[in-house]
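A.B. asks: Could you have a look at this structure, given as structure tokens, before my questions?
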Amino acid sequence: MAGSPILETHGLSKSYDGTVALKNLDLTVQHNSIFGFLGPNGAGKTTTMKLLLGLIHPTAGGAQVFGLDIGRDSVEIRSRIGYLPQDPRFYEHMTARETLAYTLRFFFSGPSALLDERIEETLELVRLADKADRPLKGFSGGERQRLGIAQAQINYPDLIILDEPAASLDPLGRHDVLEVMSRLRKHTTVFYSTHILDDVQQISDTVAILNHGELVAYGPIETLLAGSGGVVFSIGLKGDTRGAQARVAKLPWVDDIQTSEKADLTRWLVSVNNEAAAEAELLPAVLQGGGVIVVDYGRKRYELEEVFMNIIEGGSHASQ
Amino acid sequence: MPANKDLTPVYSRGWRGGLGNMLRGELDRWFGTRTWWTQALMWTLIIDGFALAILLQDDTTGTPDIATLFVLFAGMFPSIAVVIRAQDAIVGEKEKGTAAWVLSKPVSRIAFVLSKAIAYALGILVSLVLIPSMIAFLEVQVFGKGGLEPGRFALGMAMLWVYQCFYLMFTLMLGTFFSARPAVIGIPLALAFGQQLLFSLLPSAVKVLPWTIAIPFGTSEYSIISAIMIGRTPGDMTPLYVACVAIAVFLGLGLWRFEREEL
């Protein structure tokens with residue numbers, strides 16, 4: 001369904017005995033995108049996922065997945081979804097192979113040879129082929145996580161929901177998960193939560209940040225990274241910068257200049273209120289009097305961690 | 001890798017969503033593991049071993065007495081096993097997180113509970129009723145005075161199954177209402193063994209509680225099942241009819257409650 005979103009929430013809310021776990025969540029997730037869901041512990045990320053899956057019931061609001069209502073059409077929705085819970089739990093008496101077979105048979109009934117082939121290749125994908133016939137009782141946390149990823153995508157879902165997919169994994173495992181998620185984008189939509197901000201920055205198209213059950217930031221990751229602190233230019237300079245600083249500070253579209261020194265390099269962070277004017281006139285203004293060497297110049301690129309901390313600790317709101 | 005279009009999709013939706021696979025999994029958990037034969041062996045040794053010991057020690061023991069003793073043992077003690085196994089079916093899965101995992105697949109809440117009810121009922125039928133009962137029948141025919149009519153004995157076995165299913169469905173239902181195991185185990189066991197005390201306080205309760213289905217009470221020489229098995233006229237059959245209705249009510253309540261469960 002090109003154009004229409006795969007997932008939409010409208011005022012989705014959940015309270016437990018008066019405690020608000022999620023408040024008025026309005027989100028849209030587009031097809032074939034990777035949507036990163038961030039927030040501190042208790043922010044409401046897992047609550048949101050469980051509401052979408054019908055594991056818990058909303059207190060107010062609703063959502064549509066594939067255009068279907070999460071209350072009325074839950075079984076139909078789940079027939080097209082793959083889900084990895086936080087800390088996945090499986091039947092201990094089963095092996096990895098049996099777990100995948102059991103999962104796959106909720107979606108497909110045959111032919112057996114093709115089902116076995118898919119199970120085999122999924123085991124290879126998550127590097128569990130050599131442990132496929134061991135009972136799960138002896139599996140480590142990382143192995144369970146990899147099995148969790150396997151069972152989440154074994155039915156080639158239209159939407160895959162991952163709750164902390166890289167948890168319990170070593171750096172190699174984490175790298176594999178990110179690679180799998182990037183590859184999945186071609187075939188499906190990925191909606192996942194994580195604490196690992198580097199991962200979100202690497203692969204996500206859109207990011208939403210929750211705090212205390214409320215959506216505090218939401219939008220394409222580029223927008224979030226570029227715009228959260230306003231428009232700021234970063235300039236690296238050598239030489240006597242005092243004259244240039246005084247000159248630039250007088251410009252009407254310059255709000256603030258923060259300076260820092262390291263070795264013989266002076267770093268300016270110039271906050272501006274007119275992006276177009278700054279792009280045209282800032283660099284000429286710096287170079288005008290001579291005496292300074294511009295080592296580097298460009299828009300300040302925020303790291304997601306910086307954005308995240310500003311939002312969570314500062315309590316500021318940025319929206320799409 | 002095979003594409004989805006090469007595979008045959010499962011189309012069951014609504015209340016039957018996932019029922020087939022769930023039922024297969026639950027039956028496999030009983031019959032595909034050593035559970036079924038370890039349970040059968042244990043209760044055969046306990047119940048039929050005891051009966052055999054009596055038959056071998058005292059060759060004057062009549063068939064009615066041994067049948068009554070067998071039904072008493074086969075009713076009262078396996079009900080403990082029924083409650084202990086059944087309490088894990090739903091509460092255990094909620095605790096371990098596997099209920100949430102399974103219900104993230106296209107499985108209806110009804111299918112989740114129903115598959116357990118059916119699989120456990122069949123497991124109880126085979127391991128706790130059929131196998132010990134058939135061995136008891138053979139013991140009486142070979143070592144005792146015989147005289148058990150197969151048709152009546154089979155009817156008695158069916159009633160014994162109903163008796164155990166009462167405690168099964170009661171425990172499953174409690175598993176949907178409570179999240180703590182002590183309540184889910186304690187209440188059915190208290191009911192199973194505390195009915196006699198209750199009858200002294202409320203005599204009319206004997207008509208509605210399942211005690212007399214398997215265990216003689218008061219001046220009655222035989223329970224309902226033992227009377228049927230030996231060809232005597234059973235006493236008041238009301239407890240058996242009430243048990244049948246209660247099984248349906250417990251199952252219905254359990255299904256209703258689990259629809260509202262938050263996982």
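Chains: A, B, ... in order of the structure tokens. Residues: from 1 per chain. Ligands: from 1, in order shown.
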Excluding Trp15 of chain B and residues on its chain fewer than 4 positions from it, collect all residues at most 8 Å away from it, counting only C-alpha atoms, and give them as a PyMOL selection string.
C.D. replies: chain B and resi 108-111
A.B. asks: Compute the chain A side of the contact with chain B at 8 Å, counting only C-alpha atoms, and hand it back as a ChimeraX atom specification.
C.D. replies: /A:53-57,74-79,81-83,85,88-91,102-103,105-111,114-115,117-118,121,155-156
A.B. asks: Which one is closest to Val71 of chain B: B:Gly92, B:Pro132, B:Pro188, B:Gly218? Count only C-alpha atoms.
C.D. replies: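 Smallest separation from Val71 of chain B among the options: B:Pro132.
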A.B. asks: Given only C-alpha atoms as the basis, pick out the residue of B:Ala74, B:Leu27, B:Val83, B:Val242 nearest to Ala190 of chain B.
C.D. replies: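 Among the listed residues, the smallest separation from Ala190 of chain B belongs to B:Val83.
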A.B. asks: Could you list, as a compact mmCIF listing (two decimals) with C-alpha atoms, in the first residue's frame, every residue within 7 Å of segment 36-50 of chain A, counting only C-alpha atoms and ignoring same-chain residues fewer than 3 positions away?
C.D. replies:
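What follows is the written file result_6.txt:
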```
# COMPACT_ATOMS: atom_id res chain seq x y z
CA ALA A 21 2.46 4.63 31.30
CA LEU A 22 1.70 6.17 27.91
CA LEU A 53 0.32 -6.48 19.57
CA GLY A 54 -2.84 -6.71 21.65
CA LEU A 55 -0.99 -8.06 24.68
CA ILE A 56 -2.43 -5.18 26.72
CA ASP A 163 12.26 -4.60 21.70
CA PHE A 191 9.97 -0.73 14.41
CA TYR A 192 12.43 -1.15 17.24
CA SER A 193 13.41 0.20 20.60
CA THR A 194 16.90 0.48 22.00
CA HIS A 195 19.12 2.23 24.48
CA VAL A 200 19.83 4.32 16.06
CA SER A 204 17.23 4.59 11.52
CA THR A 206 12.87 8.13 11.75
CA VAL A 207 13.29 8.45 15.48
CA ALA A 208 10.82 8.99 18.29
CA ILE A 209 11.87 9.80 21.83
CA LEU A 210 9.59 9.02 24.74
CA ASN A 211 9.97 10.31 28.27
CA HIS A 212 7.63 9.55 31.16
CA GLY A 213 5.05 8.17 28.74
```
A.B. asks: Which residue, B:Ala67, B:Met159, B:Ile54, B:Leu172, has the smallest gap to Ile90 of chain B when you use only C-alpha atoms?
C.D. replies: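 Distance minimum relative to Ile90 of chain B lands on B:Leu172.
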